[in-house]
>>> print(open('final27.pdb').read())   # PDB, C-alpha atoms, pLDDT in the B column
ATOM      1  CA  ASN A   1      66.225 150.467  88.910  1.00 48.00           C
ATOM      2  CA  PRO A   2      67.314 147.416  90.968  1.00 56.00           C
ATOM      3  CA  LEU A   3      65.814 145.063  88.340  1.00 52.00           C
ATOM      4  CA  THR A   4      67.950 146.401  85.492  1.00 60.00           C
ATOM      5  CA  VAL A   5      70.781 144.090  84.379  1.00 85.00           C
ATOM      6  CA  ALA A   6      73.271 146.476  82.788  1.00 96.00           C
ATOM      7  CA  PRO A   7      76.459 148.419  83.464  1.00 97.00           C
ATOM      8  CA  VAL A   8      76.077 151.416  85.706  1.00 97.00           C
ATOM      9  CA  LEU A   9      77.851 153.564  83.097  1.00 98.00           C
ATOM     10  CA  GLU A  10      78.182 152.343  79.509  1.00 98.00           C
ATOM     11  CA  LEU A  11      80.189 154.069  76.772  1.00 98.00           C
ATOM     12  CA  SER A  12      79.486 152.874  73.226  1.00 98.00           C
ATOM     13  CA  THR A  13      81.234 154.533  70.261  1.00 97.00           C
ATOM     14  CA  ALA A  14      82.130 157.373  72.612  1.00 97.00           C
ATOM     15  CA  ASP A  15      85.441 159.110  71.888  1.00 97.00           C
ATOM     16  CA  TYR A  16      87.485 161.498  74.055  1.00 98.00           C
ATOM     17  CA  MET A  17      85.259 161.146  77.101  1.00 98.00           C
ATOM     18  CA  THR A  18      86.499 162.419  80.469  1.00 98.00           C
ATOM     19  CA  LEU A  19      85.041 160.941  83.660  1.00 98.00           C
ATOM     20  CA  ARG A  20      85.747 162.210  87.165  1.00 98.00           C
ATOM     21  CA  HIS A  21      84.499 161.728  90.734  1.00 98.00           C
ATOM     22  CA  LEU A  22      81.924 158.980  90.254  1.00 98.00           C
ATOM     23  CA  THR A  23      80.863 156.014  92.387  1.00 98.00           C
ATOM     24  CA  LEU A  24      79.521 153.149  90.258  1.00 98.00           C
ATOM     25  CA  THR A  25      77.918 150.234  92.080  1.00 97.00           C
ATOM     26  CA  GLY A  26      75.299 147.544  91.664  1.00 96.00           C
ATOM     27  CA  GLY A  27      75.481 146.914  87.899  1.00 97.00           C
ATOM     28  CA  THR A  28      76.949 144.170  85.758  1.00 97.00           C
ATOM     29  CA  HIS A  29      80.053 146.402  85.522  1.00 98.00           C
ATOM     30  CA  GLY A  30      80.628 149.750  87.106  1.00 98.00           C
ATOM     31  CA  LEU A  31      82.072 151.166  83.882  1.00 98.00           C
ATOM     32  CA  TYR A  32      81.888 149.433  80.493  1.00 98.00           C
ATOM     33  CA  ALA A  33      83.516 151.077  77.436  1.00 98.00           C
ATOM     34  CA  HIS A  34      83.141 149.236  74.129  1.00 98.00           C
ATOM     35  CA  ASN A  35      82.314 149.522  70.408  1.00 97.00           C
ATOM     36  CA  SER A  36      85.488 151.511  69.638  1.00 97.00           C
ATOM     37  CA  SER A  37      85.147 154.037  72.434  1.00 98.00           C
ATOM     38  CA  THR A  38      88.598 155.609  72.183  1.00 98.00           C
ATOM     39  CA  ASN A  39      90.843 157.945  74.189  1.00 98.00           C
ATOM     40  CA  LEU A  40      88.964 157.700  77.473  1.00 98.00           C
ATOM     41  CA  ALA A  41      90.328 159.590  80.480  1.00 98.00           C
ATOM     42  CA  ALA A  42      89.057 158.635  83.938  1.00 98.00           C
ATOM     43  CA  SER A  43      90.043 159.853  87.390  1.00 98.00           C
ATOM     44  CA  ASN A  44      88.678 159.293  90.901  1.00 98.00           C
ATOM     45  CA  ILE A  45      86.234 156.582  89.849  1.00 98.00           C
ATOM     46  CA  ASP A  46      85.037 154.023  92.409  1.00 98.00           C
ATOM     47  CA  ALA A  47      83.610 150.793  90.977  1.00 98.00           C
ATOM     48  CA  ILE A  48      82.313 148.746  93.881  1.00 98.00           C
ATOM     49  CA  SER A  49      80.222 145.579  94.261  1.00 98.00           C
ATOM     50  CA  ASN A  50      79.296 144.964  90.628  1.00 98.00           C
ATOM     51  CA  ALA A  51      78.156 141.563  89.392  1.00 97.00           C
ATOM     52  CA  LEU A  52      80.652 140.830  86.595  1.00 97.00           C
ATOM     53  CA  GLY A  53      83.550 143.227  87.191  1.00 98.00           C
ATOM     54  CA  GLY A  54      84.520 146.729  88.153  1.00 98.00           C
ATOM     55  CA  ILE A  55      85.887 148.570  85.108  1.00 98.00           C
ATOM     56  CA  LEU A  56      86.065 147.034  81.630  1.00 98.00           C
ATOM     57  CA  ILE A  57      87.539 148.775  78.580  1.00 98.00           C
ATOM     58  CA  ASP A  58      86.838 146.176  75.954  1.00 97.00           C
ATOM     59  CA  THR A  59      88.528 145.078  72.733  1.00 95.00           C
ATOM     60  CA  GLY A  60      88.805 147.893  70.198  1.00 94.00           C
ATOM     61  CA  SER A  61      88.451 150.671  72.752  1.00 98.00           C
ATOM     62  CA  SER A  62      91.319 152.623  74.315  1.00 98.00           C
ATOM     63  CA  ALA A  63      92.247 154.974  77.137  1.00 98.00           C
ATOM     64  CA  LEU A  64      94.692 157.831  77.484  1.00 96.00           C
ATOM     65  CA  GLY A  65      95.061 157.852  81.250  1.00 97.00           C
ATOM     66  CA  LEU A  66      93.371 156.180  84.206  1.00 98.00           C
ATOM     67  CA  ASP A  67      94.253 157.328  87.706  1.00 98.00           C
ATOM     68  CA  HIS A  68      92.935 157.214  91.252  1.00 98.00           C
ATOM     69  CA  LEU A  69      90.520 154.418  90.471  1.00 98.00           C
ATOM     70  CA  LYS A  70      89.146 152.095  93.116  1.00 98.00           C
ATOM     71  CA  ALA A  71      87.817 148.674  92.078  1.00 98.00           C
ATOM     72  CA  ASP A  72      86.666 146.836  95.173  1.00 98.00           C
ATOM     73  CA  GLN A  73      84.465 143.823  95.961  1.00 98.00           C
ATOM     74  CA  ASN A  74      83.438 143.134  92.378  1.00 98.00           C
ATOM     75  CA  ASN A  75      82.408 139.613  91.405  1.00 97.00           C
ATOM     76  CA  GLY A  76      84.965 139.473  88.600  1.00 97.00           C
ATOM     77  CA  VAL A  77      88.049 141.372  87.431  1.00 98.00           C
ATOM     78  CA  GLY A  78      88.649 144.692  89.167  1.00 98.00           C
ATOM     79  CA  ILE A  79      90.114 146.699  86.255  1.00 98.00           C
ATOM     80  CA  GLN A  80      90.406 145.185  82.780  1.00 98.00           C
ATOM     81  CA  VAL A  81      91.701 146.893  79.627  1.00 98.00           C
ATOM     82  CA  ASP A  82      91.856 145.092  76.282  1.00 98.00           C
ATOM     83  CA  GLY A  83      93.123 147.882  74.035  1.00 97.00           C
ATOM     84  CA  LEU A  84      95.730 150.615  73.957  1.00 98.00           C
ATOM     85  CA  LEU A  85      96.297 152.333  77.296  1.00 98.00           C
ATOM     86  CA  ALA A  86      98.802 155.074  78.076  1.00 98.00           C
ATOM     87  CA  SER A  87      98.789 154.785  81.878  1.00 98.00           C
ATOM     88  CA  LEU A  88      97.056 153.305  84.919  1.00 98.00           C
ATOM     89  CA  THR A  89      98.379 154.861  88.102  1.00 98.00           C
ATOM     90  CA  ASP A  90      97.655 155.606  91.760  1.00 98.00           C
ATOM     91  CA  SER A  91      94.752 153.182  91.923  1.00 99.00           C
ATOM     92  CA  ILE A  92      93.439 150.412  94.167  1.00 99.00           C
ATOM     93  CA  ALA A  93      92.208 147.001  93.025  1.00 98.00           C
ATOM     94  CA  SER A  94      91.119 144.953  96.008  1.00 98.00           C
ATOM     95  CA  ASN A  95      88.797 142.209  97.229  1.00 98.00           C
ATOM     96  CA  ASN A  96      87.663 141.229  93.745  1.00 98.00           C
ATOM     97  CA  ARG A  97      86.649 137.682  92.844  1.00 97.00           C
ATOM     98  CA  ASN A  98      89.146 137.410  90.002  1.00 97.00           C
ATOM     99  CA  LYS A  99      92.243 139.298  88.869  1.00 98.00           C
ATOM    100  CA  GLY A 100      92.829 142.731  90.369  1.00 98.00           C
ATOM    101  CA  ILE A 101      94.262 144.378  87.217  1.00 98.00           C
ATOM    102  CA  TYR A 102      94.146 142.625  83.830  1.00 98.00           C
ATOM    103  CA  LEU A 103      95.800 144.226  80.790  1.00 98.00           C
ATOM    104  CA  ILE A 104      95.763 142.621  77.326  1.00 98.00           C
ATOM    105  CA  ASN A 105      97.859 144.079  74.489  1.00 98.00           C
ATOM    106  CA  THR A 106      97.735 147.604  75.868  1.00 98.00           C
ATOM    107  CA  GLY A 107     101.071 148.655  74.346  1.00 98.00           C
ATOM    108  CA  ALA A 108     103.596 150.883  76.108  1.00 98.00           C
ATOM    109  CA  THR A 109     101.499 151.344  79.244  1.00 98.00           C
ATOM    110  CA  ARG A 110     102.827 152.804  82.484  1.00 98.00           C
ATOM    111  CA  LEU A 111     101.325 150.755  85.327  1.00 98.00           C
ATOM    112  CA  GLU A 112     102.659 152.293  88.506  1.00 98.00           C
ATOM    113  CA  ALA A 113     101.941 153.323  92.098  1.00 98.00           C
ATOM    114  CA  ASN A 114      98.948 150.998  92.426  1.00 98.00           C
ATOM    115  CA  ASP A 115      97.942 148.969  95.483  1.00 98.00           C
ATOM    116  CA  VAL A 116      96.608 145.544  94.476  1.00 98.00           C
ATOM    117  CA  PHE A 117      95.526 143.140  97.189  1.00 98.00           C
ATOM    118  CA  ASN A 118      93.178 140.406  98.342  1.00 98.00           C
ATOM    119  CA  ASN A 119      91.943 139.454  94.894  1.00 97.00           C
ATOM    120  CA  THR A 120      90.956 135.793  94.961  1.00 96.00           C
ATOM    121  CA  GLY A 121      89.634 133.054  92.711  1.00 89.00           C
ATOM    122  CA  ASN A 122      90.762 130.661  90.015  1.00 80.00           C
ATOM    123  CA  SER A 123      93.998 132.050  88.517  1.00 78.00           C
ATOM    124  CA  ALA A 124      93.400 135.327  90.332  1.00 89.00           C
ATOM    125  CA  TYR A 125      96.746 137.057  90.028  1.00 95.00           C
ATOM    126  CA  GLY A 126      96.875 140.513  91.539  1.00 98.00           C
ATOM    127  CA  ILE A 127      98.219 141.898  88.248  1.00 98.00           C
ATOM    128  CA  TYR A 128      97.993 139.884  85.011  1.00 98.00           C
ATOM    129  CA  ILE A 129      99.671 141.262  81.878  1.00 98.00           C
ATOM    130  CA  SER A 130      99.903 139.881  78.367  1.00 98.00           C
ATOM    131  CA  ASN A 131     101.404 142.321  75.887  1.00 98.00           C
ATOM    132  CA  ASN A 132     102.463 141.214  72.432  1.00 97.00           C
ATOM    133  CA  ILE A 133     102.637 144.669  70.865  1.00 97.00           C
ATOM    134  CA  ALA A 134     106.101 145.514  69.538  1.00 97.00           C
ATOM    135  CA  GLY A 135     107.955 148.718  70.360  1.00 97.00           C
ATOM    136  CA  SER A 136     108.402 150.275  73.779  1.00 97.00           C
ATOM    137  CA  PRO A 137     107.524 147.814  76.553  1.00 98.00           C
ATOM    138  CA  LEU A 138     104.702 147.906  79.024  1.00 98.00           C
ATOM    139  CA  VAL A 139     106.253 148.772  82.395  1.00 98.00           C
ATOM    140  CA  VAL A 140     104.778 147.314  85.572  1.00 98.00           C
ATOM    141  CA  GLY A 141     106.234 149.629  88.200  1.00 98.00           C
ATOM    142  CA  ASN A 142     109.050 152.109  87.667  1.00 98.00           C
ATOM    143  CA  ALA A 143     112.732 151.395  87.115  1.00 93.00           C
ATOM    144  CA  ASP A 144     113.743 154.643  88.885  1.00 96.00           C
ATOM    145  CA  LEU A 145     113.644 153.440  92.480  1.00 95.00           C
ATOM    146  CA  SER A 146     114.205 156.953  93.831  1.00 97.00           C
ATOM    147  CA  LEU A 147     110.666 157.872  92.759  1.00 97.00           C
ATOM    148  CA  SER A 148     109.004 155.139  94.850  1.00 96.00           C
ATOM    149  CA  ARG A 149     106.464 154.563  92.073  1.00 98.00           C
ATOM    150  CA  GLY A 150     106.415 150.786  92.066  1.00 98.00           C
ATOM    151  CA  ASN A 151     103.222 148.862  92.636  1.00 98.00           C
ATOM    152  CA  ARG A 152     102.443 147.173  95.940  1.00 98.00           C
ATOM    153  CA  VAL A 153     101.020 143.726  95.191  1.00 98.00           C
ATOM    154  CA  HIS A 154     100.132 141.538  98.152  1.00 98.00           C
ATOM    155  CA  ASP A 155      97.768 138.993  99.688  1.00 98.00           C
ATOM    156  CA  ASN A 156      96.243 137.810  96.428  1.00 97.00           C
ATOM    157  CA  SER A 157      95.336 134.172  95.890  1.00 94.00           C
ATOM    158  CA  PRO A 158      97.070 132.409  94.353  1.00 93.00           C
ATOM    159  CA  SER A 159      99.751 134.748  92.957  1.00 97.00           C
ATOM    160  CA  GLY A 160     101.047 138.290  92.612  1.00 98.00           C
ATOM    161  CA  ILE A 161     102.228 139.417  89.151  1.00 98.00           C
ATOM    162  CA  TYR A 162     102.017 137.498  85.872  1.00 98.00           C
ATOM    163  CA  ALA A 163     103.860 139.043  82.912  1.00 98.00           C
ATOM    164  CA  ASN A 164     104.005 137.713  79.374  1.00 97.00           C
ATOM    165  CA  GLY A 165     105.506 139.300  76.281  1.00 97.00           C
ATOM    166  CA  ASN A 166     106.904 142.804  75.849  1.00 98.00           C
ATOM    167  CA  VAL A 167     106.825 143.662  79.552  1.00 98.00           C
ATOM    168  CA  ILE A 168     109.273 144.939  82.175  1.00 98.00           C
ATOM    169  CA  VAL A 169     108.419 144.267  85.826  1.00 98.00           C
ATOM    170  CA  ALA A 170     110.491 146.805  87.764  1.00 98.00           C
ATOM    171  CA  GLY A 171     110.596 148.351  91.217  1.00 98.00           C
ATOM    172  CA  ASN A 172     107.569 146.623  92.733  1.00 98.00           C
ATOM    173  CA  THR A 173     107.020 145.199  96.212  1.00 98.00           C
ATOM    174  CA  VAL A 174     105.358 141.787  96.033  1.00 98.00           C
ATOM    175  CA  TYR A 175     104.545 139.733  99.102  1.00 98.00           C
ATOM    176  CA  ASN A 176     102.327 137.314 101.004  1.00 98.00           C
ATOM    177  CA  HIS A 177     101.008 135.051  98.263  1.00 97.00           C
ATOM    178  CA  SER A 178     100.452 131.850 100.166  1.00 86.00           C
ATOM    179  CA  SER A 179      99.766 129.412  97.330  1.00 89.00           C
ATOM    180  CA  GLY A 180     101.622 130.600  94.226  1.00 92.00           C
ATOM    181  CA  TYR A 181     104.319 132.937  92.901  1.00 97.00           C
ATOM    182  CA  GLY A 182     105.280 136.469  93.736  1.00 98.00           C
ATOM    183  CA  VAL A 183     106.268 137.159  90.103  1.00 98.00           C
ATOM    184  CA  TYR A 184     105.808 134.784  87.155  1.00 97.00           C
ATOM    185  CA  ALA A 185     107.378 135.959  83.895  1.00 96.00           C
ATOM    186  CA  HIS A 186     107.684 134.380  80.487  1.00 93.00           C
ATOM    187  CA  GLY A 187     107.480 135.028  76.765  1.00 94.00           C
ATOM    188  CA  GLY A 188     110.141 137.749  76.850  1.00 94.00           C
ATOM    189  CA  ALA A 189     109.207 139.610  80.051  1.00 97.00           C
ATOM    190  CA  THR A 190     112.037 140.860  82.294  1.00 97.00           C
ATOM    191  CA  VAL A 191     112.092 141.152  86.086  1.00 98.00           C
ATOM    192  CA  VAL A 192     114.378 143.826  87.565  1.00 98.00           C
ATOM    193  CA  ASN A 193     114.856 145.585  90.909  1.00 98.00           C
ATOM    194  CA  ASN A 194     111.799 144.210  92.712  1.00 98.00           C
ATOM    195  CA  VAL A 195     111.428 143.208  96.354  1.00 98.00           C
ATOM    196  CA  VAL A 196     109.707 139.813  96.588  1.00 98.00           C
ATOM    197  CA  PHE A 197     109.146 138.117  99.932  1.00 98.00           C
ATOM    198  CA  ASP A 198     106.835 135.930 102.035  1.00 98.00           C
ATOM    199  CA  ASN A 199     105.409 134.026  99.087  1.00 97.00           C
ATOM    200  CA  VAL A 200     105.464 130.281  98.492  1.00 97.00           C
ATOM    201  CA  ASN A 201     107.678 130.873  95.435  1.00 97.00           C
ATOM    202  CA  GLY A 202     109.452 134.155  94.827  1.00 98.00           C
ATOM    203  CA  VAL A 203     110.241 134.651  91.123  1.00 98.00           C
ATOM    204  CA  TYR A 204     109.848 132.294  88.177  1.00 96.00           C
ATOM    205  CA  SER A 205     111.013 133.091  84.664  1.00 95.00           C
ATOM    206  CA  ASN A 206     111.718 131.361  81.371  1.00 91.00           C
ATOM    207  CA  SER A 207     112.231 134.734  79.709  1.00 79.00           C
ATOM    208  CA  GLU A 208     114.987 137.270  79.221  1.00 82.00           C
ATOM    209  CA  GLU A 209     116.440 138.560  82.468  1.00 95.00           C
ATOM    210  CA  ILE A 210     116.135 138.452  86.245  1.00 97.00           C
ATOM    211  CA  ARG A 211     118.341 141.218  87.628  1.00 97.00           C
ATOM    212  CA  GLY A 212     118.856 143.208  90.814  1.00 98.00           C
ATOM    213  CA  ASN A 213     115.926 141.781  92.766  1.00 98.00           C
ATOM    214  CA  ARG A 214     115.834 141.218  96.505  1.00 98.00           C
ATOM    215  CA  VAL A 215     114.091 137.882  97.053  1.00 98.00           C
ATOM    216  CA  TYR A 216     113.775 136.497 100.577  1.00 98.00           C
ATOM    217  CA  HIS A 217     111.722 134.491 103.076  1.00 97.00           C
ATOM    218  CA  ASN A 218     109.736 132.567 100.481  1.00 97.00           C
ATOM    219  CA  THR A 219     108.775 129.123 101.740  1.00 96.00           C
ATOM    220  CA  ASP A 220     109.657 127.046  98.674  1.00 96.00           C
ATOM    221  CA  SER A 221     111.886 128.651  96.024  1.00 97.00           C
ATOM    222  CA  GLY A 222     113.503 132.066  95.829  1.00 97.00           C
ATOM    223  CA  ILE A 223     114.186 132.182  92.070  1.00 97.00           C
ATOM    224  CA  SER A 224     113.330 129.305  89.747  1.00 95.00           C
ATOM    225  CA  VAL A 225     113.777 129.197  85.993  1.00 94.00           C
ATOM    226  CA  GLY A 226     112.887 127.297  82.870  1.00 91.00           C
ATOM    227  CA  GLY A 227     115.088 127.716  79.835  1.00 84.00           C
ATOM    228  CA  SER A 228     118.136 129.930  80.268  1.00 85.00           C
ATOM    229  CA  PRO A 229     117.330 133.505  81.315  1.00 88.00           C
ATOM    230  CA  SER A 230     120.131 135.802  82.471  1.00 93.00           C
ATOM    231  CA  ILE A 231     120.231 135.901  86.298  1.00 95.00           C
ATOM    232  CA  THR A 232     122.508 138.607  87.718  1.00 97.00           C
ATOM    233  CA  GLY A 233     122.872 140.829  90.767  1.00 98.00           C
ATOM    234  CA  ASN A 234     120.029 139.412  92.829  1.00 98.00           C
ATOM    235  CA  VAL A 235     120.081 139.128  96.624  1.00 98.00           C
ATOM    236  CA  ILE A 236     118.459 135.856  97.663  1.00 96.00           C
TER
END
>>> encode(input="final27.pdb", output="structure tokens")
Amino acid sequence: NPLTVAPVLELSTADYMTLRHLTLTGGTHGLYAHNSSTNLAASNIDAISNALGGILIDTGSSALGLDHLKADQNNGVGIQVDGLLASLTDSIASNNRNKGIYLINTGATRLEANDVFNNTGNSAYGIYISNNIAGSPLVVGNADLSLSRGNRVHDNSPSGIYANGNVIVAGNTVYNHSSGYGVYAHGGATVVNNVVFDNVNGVYSNSEEIRGNRVYHNTDSGISVGGSPSITGNVI
């Protein structure tokens, strides 16, 4: 019904659901999981052209694994998870009118092998992470460079990756952010073994460590810091 104002697919108090091979378009959200809907698994889901956002797993809900998602041309965040999440991999978040991927206190998530681009709007980082859960860190990318499982984050406005808290940003390729930062890290996040180029500013950190990155051809600063993070082994 074109007059209905609602998510295309809504999960409320729905545990251990598995979703596969769906195209969700024209709602407030493509997929909305809330009211303690836990342990969702979703694969090959396209959330396209929704009014408020593509995929939203709201506070108190959780997901085991999300893979091969496509969140495109939504008038809000592409993929947002505000609860525990094991992994988000092999997905595309593009052309959204806010952040591409937005994770809030998702724990020891693996966020890898995603392509995140052309997300625009006020504070529209391609990937925005805030993780204050203790224990194993949330990993944006993959520290084993031989696997080629880093994220490709590019052409977002204004910036690429924002990481705050218990987060490691590792093995990603981040480029072509014409009005902000390639990687912005603080609150304990570390930045290791990334390739960051063709941004206004390459890497900023007031956190723990900036190590082993290749940072080049950024128009303003390569690496800038606040505080006293450890800066070692970078090629600038």
>>> closest_residue(input="final27.pdb", among="A:Thr13, A:Asn213, A:Thr25, A:Asn119", to="Gly76 (chain A)", atoms="only C-alpha atoms")
A:Asn119
>>> residues_around(input="final27.pdb", residues="Val191 (chain A)", least_positions_apart="4", cutoff="10 Å", atoms="only C-alpha atoms", output="number ranges by chain")
A: 140, 163, 167-172, 183-186, 203-205, 207-213, 231
>>> resolve_selection(input="final27.pdb", expression="the PyMOL selection byres ((chain A and resi 196) around 10)", output="ChimeraX atom specification")
/A:153-154,160,172-176,181-183,193-195,197-199,201-203,213-218,222-223,236
>>> write_last_selection(input="final27.pdb", atoms="C-alpha atoms", output="PDB file, in the coordinates of the input")
ATOM      1  CA  VAL A 153     101.020 143.726  95.191  1.00 98.00           C
ATOM      2  CA  HIS A 154     100.132 141.538  98.152  1.00 98.00           C
ATOM      3  CA  GLY A 160     101.047 138.290  92.612  1.00 98.00           C
ATOM      4  CA  ASN A 172     107.569 146.623  92.733  1.00 98.00           C
ATOM      5  CA  THR A 173     107.020 145.199  96.212  1.00 98.00           C
ATOM      6  CA  VAL A 174     105.358 141.787  96.033  1.00 98.00           C
ATOM      7  CA  TYR A 175     104.545 139.733  99.102  1.00 98.00           C
ATOM      8  CA  ASN A 176     102.327 137.314 101.004  1.00 98.00           C
ATOM      9  CA  TYR A 181     104.319 132.937  92.901  1.00 97.00           C
ATOM     10  CA  GLY A 182     105.280 136.469  93.736  1.00 98.00           C
ATOM     11  CA  VAL A 183     106.268 137.159  90.103  1.00 98.00           C
ATOM     12  CA  ASN A 193     114.856 145.585  90.909  1.00 98.00           C
ATOM     13  CA  ASN A 194     111.799 144.210  92.712  1.00 98.00           C
ATOM     14  CA  VAL A 195     111.428 143.208  96.354  1.00 98.00           C
ATOM     15  CA  PHE A 197     109.146 138.117  99.932  1.00 98.00           C
ATOM     16  CA  ASP A 198     106.835 135.930 102.035  1.00 98.00           C
ATOM     17  CA  ASN A 199     105.409 134.026  99.087  1.00 97.00           C
ATOM     18  CA  ASN A 201     107.678 130.873  95.435  1.00 97.00           C
ATOM     19  CA  GLY A 202     109.452 134.155  94.827  1.00 98.00           C
ATOM     20  CA  VAL A 203     110.241 134.651  91.123  1.00 98.00           C
ATOM     21  CA  ASN A 213     115.926 141.781  92.766  1.00 98.00           C
ATOM     22  CA  ARG A 214     115.834 141.218  96.505  1.00 98.00           C
ATOM     23  CA  VAL A 215     114.091 137.882  97.053  1.00 98.00           C
ATOM     24  CA  TYR A 216     113.775 136.497 100.577  1.00 98.00           C
ATOM     25  CA  HIS A 217     111.722 134.491 103.076  1.00 97.00           C
ATOM     26  CA  ASN A 218     109.736 132.567 100.481  1.00 97.00           C
ATOM     27  CA  GLY A 222     113.503 132.066  95.829  1.00 97.00           C
ATOM     28  CA  ILE A 223     114.186 132.182  92.070  1.00 97.00           C
ATOM     29  CA  ILE A 236     118.459 135.856  97.663  1.00 96.00           C
TER      30      ILE A 236
END
>>> resolve_selection(input="final27.pdb", expression="the PyMOL selection byres ((chain A and resi 127) around 6)", output="VMD selection string")
chain A and resid 100 to 101 125 to 126 128 161
>>> resolve_selection(input="final27.pdb", expression="the PyMOL selection byres ((chain A and resi 150) around 6)", output="list of chain:residue names")
A:Glu112, A:Ala113, A:Gly141, A:Asn142, A:Ser148, A:Arg149, A:Asn151, A:Gly171, A:Asn172
>>> build_atoms(input="final27.pdb", residues="region 25-46 of chain A", atoms="N, CA and C atoms", output="PDB file, in the frame of the given file")
ATOM      1  N   THR A  25      78.145 151.448  91.310  1.00 97.00           N
ATOM      2  CA  THR A  25      77.918 150.234  92.080  1.00 97.00           C
ATOM      3  C   THR A  25      76.594 149.591  91.706  1.00 97.00           C
ATOM      4  N   GLY A  26      76.553 148.258  91.804  1.00 96.00           N
ATOM      5  CA  GLY A  26      75.299 147.544  91.664  1.00 96.00           C
ATOM      6  C   GLY A  26      74.900 147.160  90.263  1.00 96.00           C
ATOM      7  N   GLY A  27      75.795 147.312  89.267  1.00 97.00           N
ATOM      8  CA  GLY A  27      75.481 146.914  87.899  1.00 97.00           C
ATOM      9  C   GLY A  27      76.189 145.627  87.517  1.00 97.00           C
ATOM     10  N   THR A  28      76.121 145.279  86.229  1.00 97.00           N
ATOM     11  CA  THR A  28      76.949 144.170  85.758  1.00 97.00           C
ATOM     12  C   THR A  28      78.423 144.571  85.834  1.00 97.00           C
ATOM     13  N   HIS A  29      78.761 145.744  85.306  1.00 98.00           N
ATOM     14  CA  HIS A  29      80.053 146.402  85.522  1.00 98.00           C
ATOM     15  C   HIS A  29      79.783 147.815  86.037  1.00 98.00           C
ATOM     16  N   GLY A  30      80.752 148.348  86.747  1.00 98.00           N
ATOM     17  CA  GLY A  30      80.628 149.750  87.106  1.00 98.00           C
ATOM     18  C   GLY A  30      80.751 150.636  85.882  1.00 98.00           C
ATOM     19  N   LEU A  31      81.821 150.429  85.115  1.00 98.00           N
ATOM     20  CA  LEU A  31      82.072 151.166  83.882  1.00 98.00           C
ATOM     21  C   LEU A  31      82.379 150.178  82.777  1.00 98.00           C
ATOM     22  N   TYR A  32      81.667 150.311  81.647  1.00 98.00           N
ATOM     23  CA  TYR A  32      81.888 149.433  80.493  1.00 98.00           C
ATOM     24  C   TYR A  32      82.029 150.300  79.257  1.00 98.00           C
ATOM     25  N   ALA A  33      83.244 150.334  78.669  1.00 98.00           N
ATOM     26  CA  ALA A  33      83.516 151.077  77.436  1.00 98.00           C
ATOM     27  C   ALA A  33      83.764 150.071  76.322  1.00 98.00           C
ATOM     28  N   HIS A  34      83.029 150.219  75.212  1.00 98.00           N
ATOM     29  CA  HIS A  34      83.141 149.236  74.129  1.00 98.00           C
ATOM     30  C   HIS A  34      82.736 149.879  72.804  1.00 98.00           C
ATOM     31  N   ASN A  35      82.674 149.054  71.748  1.00 97.00           N
ATOM     32  CA  ASN A  35      82.314 149.522  70.408  1.00 97.00           C
ATOM     33  C   ASN A  35      83.190 150.699  69.964  1.00 97.00           C
ATOM     34  N   SER A  36      84.511 150.510  70.103  1.00 97.00           N
ATOM     35  CA  SER A  36      85.488 151.511  69.638  1.00 97.00           C
ATOM     36  C   SER A  36      85.322 152.860  70.332  1.00 97.00           C
ATOM     37  N   SER A  37      85.106 152.814  71.630  1.00 98.00           N
ATOM     38  CA  SER A  37      85.147 154.037  72.434  1.00 98.00           C
ATOM     39  C   SER A  37      86.614 154.336  72.738  1.00 98.00           C
ATOM     40  N   THR A  38      87.152 155.394  72.138  1.00 98.00           N
ATOM     41  CA  THR A  38      88.598 155.609  72.183  1.00 98.00           C
ATOM     42  C   THR A  38      88.968 156.833  73.013  1.00 98.00           C
ATOM     43  N   ASN A  39      90.217 156.804  73.513  1.00 98.00           N
ATOM     44  CA  ASN A  39      90.843 157.945  74.189  1.00 98.00           C
ATOM     45  C   ASN A  39      90.074 158.398  75.423  1.00 98.00           C
ATOM     46  N   LEU A  40      89.624 157.414  76.206  1.00 98.00           N
ATOM     47  CA  LEU A  40      88.964 157.700  77.473  1.00 98.00           C
ATOM     48  C   LEU A  40      89.976 158.196  78.496  1.00 98.00           C
ATOM     49  N   ALA A  41      89.566 159.167  79.300  1.00 98.00           N
ATOM     50  CA  ALA A  41      90.328 159.590  80.480  1.00 98.00           C
ATOM     51  C   ALA A  41      89.405 159.473  81.689  1.00 98.00           C
ATOM     52  N   ALA A  42      89.887 158.834  82.753  1.00 98.00           N
ATOM     53  CA  ALA A  42      89.057 158.635  83.938  1.00 98.00           C
ATOM     54  C   ALA A  42      89.900 158.825  85.187  1.00 98.00           C
ATOM     55  N   SER A  43      89.340 159.546  86.150  1.00 98.00           N
ATOM     56  CA  SER A  43      90.043 159.853  87.390  1.00 98.00           C
ATOM     57  C   SER A  43      89.065 159.854  88.549  1.00 98.00           C
ATOM     58  N   ASN A  44      89.504 159.309  89.689  1.00 98.00           N
ATOM     59  CA  ASN A  44      88.678 159.293  90.901  1.00 98.00           C
ATOM     60  C   ASN A  44      87.329 158.622  90.648  1.00 98.00           C
ATOM     61  N   ILE A  45      87.411 157.404  90.088  1.00 98.00           N
ATOM     62  CA  ILE A  45      86.234 156.582  89.849  1.00 98.00           C
ATOM     63  C   ILE A  45      86.266 155.398  90.806  1.00 98.00           C
ATOM     64  N   ASP A  46      85.181 155.187  91.545  1.00 98.00           N
ATOM     65  CA  ASP A  46      85.037 154.023  92.409  1.00 98.00           C
ATOM     66  C   ASP A  46      84.039 153.064  91.772  1.00 98.00           C
TER      67      ASP A  46
END
